[in-house]
Amino acid sequence: GLCFIEIGRNKEALEIFDRCILVDKSNVLAYYNKALILKKLNKAYEANEFFEKCIEIDISFANGHMEDFKEIYFERAEQLRKNGKLNDA
């Protein structure tokens, strides 16, 4: 999956991480990498779901990735604001 990300083939990378998640639902790195791709594709709402799953699996994971989590929450709030749904943030 990471190799596909490096060469800009995000669709293939998402497929790889989806398969990883199917095989091991506790694979925090698969959820994290999927979230990063979704964030890169401006899908903050979807990315947020996978970032939250990372924390659900391993709360300590957030410590090393706080900047990513912060960015995705701000992006999600901005998308909701644009859609007139800021109270859902």
# chains A, B, ... in the order shown; residues from 1 in each chain; ligands from 1
call {"tool": "select_by_dssp", "arguments": {"residues": "chain A", "states": "helix (DSSP H, G or I)", "output": "short mmCIF file (atom, residue, chain, number, x, y, z; two decimals) with N, CA, C and O atoms, in the first residue's frame"}}
result
data_model
loop_
_atom_site.label_atom_id
_atom_site.label_comp_id
_atom_site.auth_asym_id
_atom_site.auth_seq_id
_atom_site.Cartn_x
_atom_site.Cartn_y
_atom_site.Cartn_z
N LEU A 2 1.90 1.27 0.81
CA LEU A 2 2.73 2.46 0.91
C LEU A 2 3.43 2.77 -0.41
O LEU A 2 3.60 3.93 -0.77
N CYS A 3 3.82 1.73 -1.13
CA CYS A 3 4.47 1.94 -2.44
C CYS A 3 3.50 2.61 -3.41
O CYS A 3 3.90 3.50 -4.17
N PHE A 4 2.24 2.19 -3.38
CA PHE A 4 1.24 2.82 -4.25
C PHE A 4 1.04 4.29 -3.89
O PHE A 4 0.88 5.14 -4.76
N ILE A 5 1.07 4.60 -2.59
CA ILE A 5 0.94 6.00 -2.16
C ILE A 5 2.09 6.82 -2.73
O ILE A 5 1.88 7.92 -3.25
N GLU A 6 3.30 6.28 -2.62
CA GLU A 6 4.49 6.99 -3.09
C GLU A 6 4.42 7.36 -4.57
O GLU A 6 4.94 8.38 -4.98
N ASN A 10 -3.45 6.18 -5.45
CA ASN A 10 -4.21 6.13 -4.20
C ASN A 10 -5.33 5.10 -4.21
O ASN A 10 -5.61 4.49 -3.18
N LYS A 11 -5.97 4.90 -5.34
CA LYS A 11 -7.05 3.91 -5.41
C LYS A 11 -6.53 2.52 -5.07
O LYS A 11 -7.14 1.79 -4.27
N GLU A 12 -5.40 2.16 -5.66
CA GLU A 12 -4.81 0.85 -5.38
C GLU A 12 -4.37 0.75 -3.92
O GLU A 12 -4.53 -0.29 -3.28
N ALA A 13 -3.81 1.83 -3.40
CA ALA A 13 -3.39 1.84 -2.00
C ALA A 13 -4.59 1.63 -1.07
O ALA A 13 -4.51 0.84 -0.12
N LEU A 14 -5.70 2.30 -1.36
CA LEU A 14 -6.92 2.11 -0.55
C LEU A 14 -7.37 0.66 -0.58
O LEU A 14 -7.77 0.10 0.45
N GLU A 15 -7.30 0.04 -1.74
CA GLU A 15 -7.70 -1.37 -1.86
C GLU A 15 -6.81 -2.27 -1.00
O GLU A 15 -7.31 -3.19 -0.34
N ILE A 16 -5.53 -2.01 -1.01
CA ILE A 16 -4.59 -2.80 -0.19
C ILE A 16 -4.92 -2.64 1.29
O ILE A 16 -5.00 -3.62 2.03
N PHE A 17 -5.12 -1.41 1.73
CA PHE A 17 -5.40 -1.19 3.15
C PHE A 17 -6.77 -1.75 3.54
O PHE A 17 -6.94 -2.25 4.66
N ASP A 18 -7.73 -1.72 2.62
CA ASP A 18 -9.02 -2.36 2.89
C ASP A 18 -8.83 -3.86 3.12
O ASP A 18 -9.43 -4.43 4.03
N ARG A 19 -8.00 -4.47 2.30
CA ARG A 19 -7.74 -5.91 2.47
C ARG A 19 -7.03 -6.19 3.79
O ARG A 19 -7.35 -7.17 4.48
N CYS A 20 -6.08 -5.33 4.15
CA CYS A 20 -5.39 -5.49 5.43
C CYS A 20 -6.38 -5.43 6.59
O CYS A 20 -6.29 -6.23 7.52
N ILE A 21 -7.30 -4.49 6.51
CA ILE A 21 -8.30 -4.34 7.57
C ILE A 21 -9.22 -5.55 7.64
O ILE A 21 -9.58 -6.01 8.72
N LEU A 22 -9.58 -6.10 6.48
CA LEU A 22 -10.42 -7.30 6.47
C LEU A 22 -9.72 -8.48 7.14
O LEU A 22 -10.34 -9.26 7.85
N VAL A 23 -8.42 -8.59 6.92
CA VAL A 23 -7.64 -9.70 7.48
C VAL A 23 -7.38 -9.49 8.97
O VAL A 23 -7.43 -10.44 9.75
N VAL A 28 -3.81 -1.11 13.30
CA VAL A 28 -3.94 0.33 13.43
C VAL A 28 -3.26 1.07 12.28
O VAL A 28 -3.76 2.11 11.82
N LEU A 29 -2.16 0.55 11.77
CA LEU A 29 -1.47 1.22 10.67
C LEU A 29 -2.27 1.17 9.37
O LEU A 29 -2.22 2.12 8.58
N ALA A 30 -3.03 0.12 9.16
CA ALA A 30 -3.88 0.05 7.97
C ALA A 30 -4.96 1.13 8.04
O ALA A 30 -5.23 1.83 7.06
N TYR A 31 -5.58 1.28 9.21
CA TYR A 31 -6.60 2.33 9.39
C TYR A 31 -5.96 3.72 9.22
O TYR A 31 -6.54 4.60 8.58
N TYR A 32 -4.80 3.90 9.81
CA TYR A 32 -4.12 5.19 9.75
C TYR A 32 -3.76 5.56 8.31
O TYR A 32 -4.02 6.67 7.85
N ASN A 33 -3.16 4.62 7.59
CA ASN A 33 -2.78 4.90 6.21
C ASN A 33 -3.99 5.15 5.32
O ASN A 33 -3.95 6.02 4.44
N LYS A 34 -5.06 4.41 5.57
CA LYS A 34 -6.29 4.67 4.81
C LYS A 34 -6.81 6.07 5.10
O LYS A 34 -7.21 6.80 4.19
N ALA A 35 -6.76 6.47 6.36
CA ALA A 35 -7.20 7.82 6.74
C ALA A 35 -6.35 8.89 6.05
O ALA A 35 -6.88 9.90 5.57
N LEU A 36 -5.04 8.67 6.00
CA LEU A 36 -4.17 9.65 5.35
C LEU A 36 -4.49 9.80 3.87
O LEU A 36 -4.49 10.92 3.34
N ILE A 37 -4.78 8.70 3.21
CA ILE A 37 -5.13 8.77 1.79
C ILE A 37 -6.44 9.52 1.61
O ILE A 37 -6.55 10.40 0.75
N LEU A 38 -7.43 9.19 2.42
CA LEU A 38 -8.72 9.87 2.32
C LEU A 38 -8.57 11.36 2.59
O LEU A 38 -9.18 12.19 1.91
N LYS A 39 -7.73 11.71 3.57
CA LYS A 39 -7.46 13.12 3.86
C LYS A 39 -6.84 13.78 2.64
O LYS A 39 -7.24 14.88 2.26
N LYS A 40 -5.89 13.12 2.03
CA LYS A 40 -5.22 13.64 0.84
C LYS A 40 -6.22 13.86 -0.31
O LYS A 40 -6.07 14.76 -1.11
N ALA A 44 -12.41 14.48 4.27
CA ALA A 44 -12.16 14.62 5.70
C ALA A 44 -13.14 13.83 6.55
O ALA A 44 -12.77 13.24 7.55
N TYR A 45 -14.40 13.83 6.15
CA TYR A 45 -15.41 13.13 6.96
C TYR A 45 -15.09 11.63 7.03
O TYR A 45 -15.11 11.03 8.09
N GLU A 46 -14.76 11.04 5.87
CA GLU A 46 -14.42 9.62 5.83
C GLU A 46 -13.10 9.36 6.55
O GLU A 46 -12.97 8.37 7.27
N ALA A 47 -12.12 10.24 6.35
CA ALA A 47 -10.83 10.07 7.00
C ALA A 47 -10.99 10.09 8.52
O ALA A 47 -10.35 9.30 9.23
N ASN A 48 -11.84 10.96 9.00
CA ASN A 48 -12.08 11.07 10.44
C ASN A 48 -12.52 9.74 11.03
O ASN A 48 -12.08 9.36 12.11
N GLU A 49 -13.37 9.02 10.33
CA GLU A 49 -13.85 7.71 10.79
C GLU A 49 -12.67 6.77 11.04
O GLU A 49 -12.64 6.05 12.05
N PHE A 50 -11.70 6.78 10.15
CA PHE A 50 -10.57 5.87 10.28
C PHE A 50 -9.55 6.36 11.30
O PHE A 50 -8.93 5.55 11.99
N PHE A 51 -9.39 7.67 11.45
CA PHE A 51 -8.54 8.19 12.51
C PHE A 51 -9.13 7.80 13.87
O PHE A 51 -8.42 7.41 14.78
N GLU A 52 -10.44 7.94 14.01
CA GLU A 52 -11.08 7.57 15.28
C GLU A 52 -10.93 6.08 15.56
O GLU A 52 -10.77 5.67 16.71
N LYS A 53 -10.96 5.27 14.53
CA LYS A 53 -10.76 3.82 14.71
C LYS A 53 -9.35 3.54 15.23
O LYS A 53 -9.17 2.67 16.07
N CYS A 54 -8.37 4.30 14.76
CA CYS A 54 -7.00 4.15 15.27
C CYS A 54 -6.97 4.34 16.78
O CYS A 54 -6.35 3.56 17.50
N ILE A 55 -7.62 5.41 17.24
CA ILE A 55 -7.64 5.70 18.67
C ILE A 55 -8.41 4.64 19.43
O ILE A 55 -8.02 4.24 20.53
N GLU A 56 -9.48 4.15 18.84
CA GLU A 56 -10.28 3.10 19.48
C GLU A 56 -9.43 1.85 19.68
O GLU A 56 -9.51 1.20 20.72
N ILE A 57 -8.61 1.52 18.70
CA ILE A 57 -7.77 0.32 18.78
C ILE A 57 -6.63 0.53 19.77
O ILE A 57 -6.32 -0.35 20.57
N PHE A 61 -1.72 5.57 20.22
CA PHE A 61 -1.37 5.89 18.84
C PHE A 61 -1.55 7.38 18.56
O PHE A 61 -0.81 7.96 17.78
N ALA A 62 -2.51 7.99 19.22
CA ALA A 62 -2.79 9.42 19.01
C ALA A 62 -1.62 10.29 19.44
O ALA A 62 -1.40 11.34 18.85
N ASN A 63 -0.86 9.85 20.42
CA ASN A 63 0.26 10.67 20.92
C ASN A 63 1.25 11.04 19.83
O ASN A 63 1.69 12.17 19.74
N GLY A 64 1.61 10.10 19.00
CA GLY A 64 2.59 10.36 17.96
C GLY A 64 2.02 10.95 16.69
O GLY A 64 2.77 11.31 15.78
N MET A 66 -0.74 13.36 16.69
CA MET A 66 -1.69 14.41 17.09
C MET A 66 -1.88 15.46 15.99
O MET A 66 -2.99 15.93 15.77
N GLU A 67 -0.82 15.80 15.30
CA GLU A 67 -0.92 16.83 14.25
C GLU A 67 -1.87 16.37 13.14
O GLU A 67 -2.69 17.15 12.66
N ASP A 68 -1.78 15.10 12.75
CA ASP A 68 -2.69 14.56 11.73
C ASP A 68 -4.14 14.61 12.21
O ASP A 68 -5.03 14.98 11.46
N PHE A 69 -4.35 14.21 13.47
CA PHE A 69 -5.70 14.20 14.02
C PHE A 69 -6.27 15.62 14.06
O PHE A 69 -7.42 15.85 13.70
N LYS A 70 -5.44 16.56 14.48
CA LYS A 70 -5.88 17.96 14.57
C LYS A 70 -6.28 18.49 13.19
O LYS A 70 -7.34 19.09 13.03
N GLU A 71 -5.46 18.23 12.20
CA GLU A 71 -5.75 18.71 10.84
C GLU A 71 -7.06 18.13 10.32
O GLU A 71 -7.85 18.85 9.72
N ILE A 72 -7.29 16.86 10.54
CA ILE A 72 -8.50 16.23 9.99
C ILE A 72 -9.75 16.78 10.66
O ILE A 72 -10.77 16.97 10.02
N TYR A 73 -9.68 17.06 11.96
CA TYR A 73 -10.84 17.63 12.63
C TYR A 73 -11.15 19.03 12.11
O TYR A 73 -12.31 19.38 11.91
N PHE A 74 -10.12 19.82 11.89
CA PHE A 74 -10.34 21.16 11.32
C PHE A 74 -10.91 21.07 9.91
O PHE A 74 -11.81 21.82 9.55
N GLU A 75 -10.39 20.16 9.10
CA GLU A 75 -10.89 20.01 7.73
C GLU A 75 -12.34 19.53 7.73
O GLU A 75 -13.15 19.99 6.94
N ARG A 76 -12.65 18.62 8.64
CA ARG A 76 -14.04 18.14 8.73
C ARG A 76 -14.97 19.28 9.13
O ARG A 76 -16.04 19.45 8.56
N ALA A 77 -14.55 20.07 10.11
CA ALA A 77 -15.37 21.20 10.55
C ALA A 77 -15.57 22.19 9.40
O ALA A 77 -16.67 22.72 9.21
N GLU A 78 -14.53 22.42 8.62
CA GLU A 78 -14.64 23.34 7.48
C GLU A 78 -15.62 22.80 6.44
O GLU A 78 -16.44 23.55 5.90
N GLN A 79 -15.58 21.51 6.16
CA GLN A 79 -16.53 20.91 5.21
C GLN A 79 -17.96 21.05 5.72
O GLN A 79 -18.87 21.38 4.97
N LEU A 80 -18.14 20.81 7.00
CA LEU A 80 -19.48 20.93 7.59
C LEU A 80 -19.95 22.38 7.54
O LEU A 80 -21.11 22.65 7.27
N ARG A 81 -19.04 23.34 7.81
CA ARG A 81 -19.40 24.75 7.75
C ARG A 81 -19.86 25.14 6.35
O ARG A 81 -20.89 25.80 6.18
N LYS A 82 -19.14 24.67 5.35
CA LYS A 82 -19.49 24.98 3.96
C LYS A 82 -20.84 24.41 3.59
O LYS A 82 -21.57 24.97 2.77
N LEU A 86 -22.43 22.98 10.54
CA LEU A 86 -21.35 23.10 11.52
C LEU A 86 -21.73 22.54 12.88
O LEU A 86 -20.88 22.04 13.61
N ASN A 87 -22.98 22.55 13.24
CA ASN A 87 -23.39 22.01 14.54
C ASN A 87 -23.16 20.51 14.63
O ASN A 87 -23.16 19.95 15.72
N ASP A 88 -22.91 19.82 13.49
CA ASP A 88 -22.63 18.39 13.49
C ASP A 88 -21.16 18.09 13.80
O ASP A 88 -20.79 16.95 13.99
#
